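Shown next, in structure tokens, is the structure this report addresses.
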Amino acid sequence: MEKLTRILHVDDDEDIRQITKLTLELVGHYEVTQFASGVDAINNVHGLKPQLFLLDVMMPDMSGEDTMRQLLALPGFESVPTVFMTAKAERESTERLMRMGARAVIVKPFDPMTLCAEIESAWQDGFAS
Amino acid sequence: MTSTFDITPNLFFSDILEEFEDDVYFYDCETLAIQFANRAARCRCGWDVDTVLQMNISQSSDNFDVDAFWDHVEPLLDNSAQSVRVEVDHDNGPVGIQTRLGAWYGGRRVFISVLQDLARQKRMEAERFEKFSELSHELRTPLTSIKGALRLLETGMLGDLPGDAHSVLGIATRNTDRLLSIVNDILKFQKLEADGSKPDKSRLDLVSVVHEAIALNKGFAWEHGISLSLLNGPETADVDADHEQILQVLGNLLSNAIKHSPANGTVRVLVSESEARWRVTVSDLGSGIPENLRDKVFDSFTRAKNTSGKTTAGTGLGLAIARKIVSQHKGSIGFECPEGQGTDFYFELPKAASIATMC
């Protein structure tokens with residue numbers, strides 16, 4: 001099974017980006033590339049080789065769902081799994097994202113000490129027979 | 001027909017009613033002749049402002065059943081009810097109609113009916129829930145940064161901290177969690193009020209759900225030095241209910257009992273039979289509920305003091321949420337303060353219909 005090392009993270013909130021980066025690097029030892037919007041991520045993803053997209057859902061210019069759709073439409077990124085992080089805690093919201101093809105949905109506020117384990121678990125689900 | 005009742009001297013009153021979003025009808029309690037119908041009512045019925053006083057309430061809908069109407073208002077005429085309500089499919093969709101008797105000018109009695117558009121009401125509830133959901137999102141976003149930062153500091157991921165810093169961080173963490181609980185509870189409460197939150201019922205064994213709730217709350221009880229005990233009762237207790245919602249009710253009653261128990265106390269849970277219902281009782285040995293709070297226990301934001309005389313941590317919405325859920329299951333909820341000390345909170349749910357009954 002391929003080891004997860006590179007994560008592309010998109011969130012419009014600067015503070016959450018900082019906390020998430022610290023968490024992913026310090027706890028999970030991942031290489032993290034971050035963008036403040038879906039448009040930035042789509043324009044700059046070429047050249048990066050992210051193995052997993054970690055996306056906020058509610059963003060002002062382009063939603064997390066649209067960001068996922070457009071990233072997956074780019075050549076070479078069709079099979080990159082997506083994990084959403086959302087402050088919308090309702091069950092219906094989580095179910096909708098899973099139906100759209102999300103590998104997992106993590107509800108904010110997340111616990112930095114378990115975030116990496118949740119991402120790792122979602123990553124490994126892709127290799128389950 | 002010309003009305004003997006003139007509302008022009010009361011223009012102010014009729015102006016207010018005129019602007020109501022709900023339909024308002026005043027009509028003679030013997031002839032059913034319309035005395036007043038506001039704009040919403042005239043619009044629904046297609047009546048003209050100049051000719052509305054020539055109309056009769058029986059013309060308000062193609063489906064108006066005069067005999068059923070007189071049966072419906074009988075409790076008003078024999079003074080056995082102050083008001084009557086019915087939900088019907090009107091020509092333009094489902095409506096709820098509340099009717100009562102009132103005195104009209106000249107001492108004549110009239111029926112006053114207020115008709116609510118239920119589809120509009122549901123739309124408004126859904127919109128209100130959506131607004132609360134957005135508000136919840138706005139509050140959870142900064143809480144994510146605060147909680148994340150505190151947790152990274154607390155776990156030493158950013159380096160060692162001086163001794164006192166840990167207790168200060170503990171205070172910040174507990175209060176952040178409390179704020180998050182308030183946000184979550186407000187959202188749950190609003191969701192229960194909104195359309196689409198009807199219980200997702202399936203056949204459940206209440207005894208199993210009680211076991212599950214106890215297991216889920218053991219950690220919280222342990223933190224407070226309290227043990228949880230399930231007393232002997234029936235082996236199974238089938239109900240038709242929403243699993244998640246009943247777990248929420250039990251969780252709220254258990255956490256309430258834990259917070260109000262004296263140190264090293266025990267919270268006891270009992271499942272018992274109460275005629276056609278199953279009853280779950282959660283008992284604590286706390287200081288009971290003060291007389292002045294007993295009428296308000298299930299109201300939002302009511303919080304009592306615990307055995308140490310401190311107001312308990314919590315949102316004050318837990319019991320209000322529990323009452324809402326139980327009432328949506330056609331059950332009942334209440335409490336008893338036994339002679340000695342402590343409080344027994346209980347809720348009852350109708351027993352599941354047996355297979356034989358269902359067939």
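Residue names in the structure tokens use chain letters A, B, ... in the order shown, residue numbers from 1 in each chain, and ligand numbers from 1 in the order shown.
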For this session: Enumerate, as a ChimeraX atom specification, the complete set of residues in region 3-128 of chain A that a backbone-based DSSP assignment places in helix (DSSP H, G or I).
Result: /A:14-26,38-44,64-72,91-99,112-125
Compile the contact shell of region 155-172 of chain B as a PDB file with C-alpha atoms, in the first residue's frame: residues with an atom at most 10 Å away, counting only C-alpha atoms, same-chain residues fewer than 2 positions apart removed.
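Full text of result_21.pdb as output:
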```pdb
ATOM      1  CA  LEU A  22       0.963  22.627  12.310  1.00  0.00           C
ATOM      2  CA  THR A  23      -1.135  19.559  13.105  1.00  0.00           C
ATOM      3  CA  LEU A  26       3.916  17.980  13.670  1.00  0.00           C
ATOM      4  CA  VAL A  27       1.586  15.086  14.389  1.00  0.00           C
ATOM      5  CA  PRO A 112      -5.469  17.963  16.319  1.00  0.00           C
ATOM      6  CA  MET A 113      -4.461  14.784  18.121  1.00  0.00           C
TER       7      MET A 113
ATOM      8  CA  ILE B 146      -9.198  28.220  19.395  1.00  0.00           C
ATOM      9  CA  LYS B 147      -9.685  24.540  20.241  1.00  0.00           C
ATOM     10  CA  ALA B 149      -4.441  25.985  19.264  1.00  0.00           C
ATOM     11  CA  LEU B 150      -5.247  25.034  22.874  1.00  0.00           C
ATOM     12  CA  ARG B 151      -4.934  21.336  22.129  1.00  0.00           C
ATOM     13  CA  LEU B 152      -1.550  21.747  20.415  1.00  0.00           C
ATOM     14  CA  LEU B 153      -0.281  23.701  23.434  1.00  0.00           C
ATOM     15  CA  ARG B 174     -13.313  23.640  29.347  1.00  0.00           C
ATOM     16  CA  ASN B 175     -14.938  26.941  28.463  1.00  0.00           C
ATOM     17  CA  THR B 176     -14.342  26.480  24.760  1.00  0.00           C
ATOM     18  CA  ASP B 177     -16.021  23.064  25.024  1.00  0.00           C
ATOM     19  CA  ARG B 178     -18.904  24.648  26.891  1.00  0.00           C
TER      20      ARG B 178
END
```
Write out as a tab-separated table a residue-level contact list of chain B versus chain A with cut-off 6 Å: for each qualifying residue the closest pair of atoms and the distance in Å to one decimal, counting only C-alpha atoms, rows sorted by chain and residue number upward.
```
residue	atom	partner	partner_atom	distance
B:His137	CA	A:Ala87	CA	5.1
B:Arg140	CA	A:Ala87	CA	5.8
B:Thr144	CA	A:Pro109	CA	4.1
B:Ser145	CA	A:Ile16	CA	5.3
B:Gly148	CA	A:Pro112	CA	5.9
```
Could you dump the residues just selected with N, CA and C atoms as an mmCIF file, in the first residue's frame?
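Here's the written file part_5.cif:
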```
data_model
loop_
_atom_site.group_PDB
_atom_site.id
_atom_site.type_symbol
_atom_site.label_atom_id
_atom_site.label_comp_id
_atom_site.auth_asym_id
_atom_site.auth_seq_id
_atom_site.Cartn_x
_atom_site.Cartn_y
_atom_site.Cartn_z
ATOM 1 N N HIS B 137 -22.322 27.550 11.868
ATOM 2 C CA HIS B 137 -21.088 27.450 11.099
ATOM 3 C C HIS B 137 -20.155 28.611 11.404
ATOM 4 N N ARG B 140 -18.636 28.013 14.804
ATOM 5 C CA ARG B 140 -17.738 26.853 14.891
ATOM 6 C C ARG B 140 -16.397 27.139 14.228
ATOM 7 N N THR B 144 -12.854 26.367 16.006
ATOM 8 C CA THR B 144 -11.906 25.376 15.479
ATOM 9 C C THR B 144 -10.477 25.839 15.716
ATOM 10 N N SER B 145 -10.230 27.113 15.435
ATOM 11 C CA SER B 145 -8.875 27.645 15.633
ATOM 12 C C SER B 145 -8.531 27.673 17.119
ATOM 13 N N GLY B 148 -8.134 24.067 18.454
ATOM 14 C CA GLY B 148 -6.927 23.464 17.862
ATOM 15 C C GLY B 148 -5.666 24.020 18.506
#
```
For this session: Find the spatial neighbours of Thr33 (chain A), counting only C-alpha atoms, within a cut-off of 7 Å - ignore same-chain residues fewer than 3 positions away - and output them as a VMD selection string.
Result: chain A and resid 7 to 9
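Between CA of Ile226 (chain B) and CA of Val267 (chain B) lies a distance of 7.1 Å.
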For this session: Measuring atom to atom with only C-alpha atoms, identify which of B:Ala126, B:Gln341, B:Phe69, B:Thr141 is nearest to Met85 (chain A).
Result: B:Thr141
Exercise. When you draw a straight line from CA of Val326 (chain B) to CA of Ile289 (chain B), how long is it in Å?
Worked result: 21.0 Å
For this session: Might you pull out every residue within 7 Å of region 35-39 of chain B, with only C-alpha atoms counted and same-chain residues fewer than 2 positions away left off, and present them as a ChimeraX atom specification?
Result: /B:3,5,17-18,23-28,33,41-43,53
Exercise. Tell me, which residues of region 182-235 of chain B carry DSSP strand (DSSP E or B), written as a PyMOL selection string?
Worked result: chain B and resi 202-205+227-230
Seminar exercise, completed: Counting only C-alpha atoms, the residue among A:Val57, A:Leu24, A:Val10, A:Leu52 that lies closest to Val39 (chain A) is A:Val10
Exercise. Suppose you want the space between CA of Asp61 (chain A) and CA of Gly38 (chain A); what is it in Å?
Worked result: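 Value for the CA of Asp61 (chain A)-CA of Gly38 (chain A) distance: 7.6 Å.
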Problem set entry | Ile246 (chain B) surroundings by only C-alpha atoms, 9 Å radius, close-in-sequence under 4 positions cut, as JSON, numbers by chain | {"B": [206, 209, 241, 242, 250, 251, 322, 325, 326]}
Selection to disk with N, CA, C and O atoms, as a short mmCIF file (atom, residue, chain, number, x, y, z; two decimals), in the first residue's frame:
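Produced file part_35.cif, reproduced below:
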```
data_model
loop_
_atom_site.label_atom_id
_atom_site.label_comp_id
_atom_site.auth_asym_id
_atom_site.auth_seq_id
_atom_site.Cartn_x
_atom_site.Cartn_y
_atom_site.Cartn_z
N LEU B 206 -35.71 -0.63 23.94
CA LEU B 206 -35.34 0.46 24.84
C LEU B 206 -34.25 0.03 25.83
O LEU B 206 -33.38 0.83 26.20
N VAL B 209 -30.97 0.34 24.16
CA VAL B 209 -30.58 1.74 23.99
C VAL B 209 -30.10 2.32 25.33
O VAL B 209 -29.15 3.11 25.37
N ALA B 241 -39.28 4.08 17.58
CA ALA B 241 -38.69 5.40 17.89
C ALA B 241 -37.43 5.64 17.07
O ALA B 241 -36.90 4.74 16.43
N ASP B 242 -37.00 6.90 17.12
CA ASP B 242 -35.77 7.31 16.42
C ASP B 242 -34.58 7.02 17.35
O ASP B 242 -34.45 7.63 18.41
N LEU B 250 -31.73 10.12 26.56
CA LEU B 250 -31.08 9.41 27.66
C LEU B 250 -29.77 10.09 28.05
O LEU B 250 -29.45 10.24 29.23
N GLY B 251 -29.01 10.53 27.04
CA GLY B 251 -27.74 11.20 27.30
C GLY B 251 -27.96 12.48 28.10
O GLY B 251 -27.24 12.77 29.06
N ALA B 322 -34.92 17.29 25.36
CA ALA B 322 -35.49 15.98 25.71
C ALA B 322 -37.01 16.03 25.62
O ALA B 322 -37.65 15.13 25.07
N ILE B 325 -38.21 16.05 21.98
CA ILE B 325 -38.08 14.75 21.32
C ILE B 325 -39.17 13.80 21.82
O ILE B 325 -39.84 13.14 21.02
N VAL B 326 -39.35 13.74 23.13
CA VAL B 326 -40.34 12.80 23.69
C VAL B 326 -41.74 13.17 23.19
O VAL B 326 -42.53 12.30 22.82
#
```
Exercise. In terms of the shortest atom-to-atom distance over only C-alpha atoms, which of B:Asp71, B:Asp117, B:Asp50, B:Glu138 is closest to Asp22 (chain B)?
Worked result: B:Asp117
Can you pull out every residue within 12 Å of Thr67 (chain A), counting only C-alpha atoms, but drop anything in the same chain fewer than 6 positions away, and send it as a compact mmCIF listing (two decimals) with C-alpha atoms, in the first residue's frame?
```txt
# COMPACT_ATOMS: atom_id res chain seq x y z
CA LEU A 8 -3.23 19.55 -0.53
CA HIS A 9 -5.30 21.59 1.91
CA VAL A 10 -7.78 24.34 0.97
CA ASP A 11 -9.48 26.57 3.55
CA PHE A 35 -4.39 27.39 -0.66
CA ALA A 36 -6.91 29.97 0.50
CA SER A 37 -9.43 29.23 -2.26
CA GLY A 38 -10.51 26.53 -4.67
CA VAL A 39 -9.51 28.73 -7.62
CA ASP A 40 -5.96 29.10 -6.27
CA ALA A 41 -5.71 25.35 -5.76
CA ILE A 42 -6.92 24.56 -9.29
CA ASN A 43 -4.55 27.12 -10.85
CA VAL A 45 -2.03 22.13 -8.51
CA PHE A 53 -7.26 16.65 -1.11
CA LEU A 54 -8.33 18.06 2.26
CA LEU A 55 -11.03 20.63 1.55
CA ASP A 56 -13.13 23.05 3.54
CA VAL A 57 -16.78 23.00 2.39
CA MET A 58 -18.14 26.53 2.80
CA MET A 59 -15.82 28.96 1.06
CA PRO A 60 -16.86 32.29 -0.43
CA ASP A 61 -15.68 32.10 -4.05
CA ALA A 73 -11.59 16.90 -13.71
CA LEU A 74 -7.92 17.81 -14.21
CA THR A 82 -11.01 13.89 -1.05
CA VAL A 83 -11.58 14.41 2.65
CA PHE A 84 -13.85 17.30 3.60
```
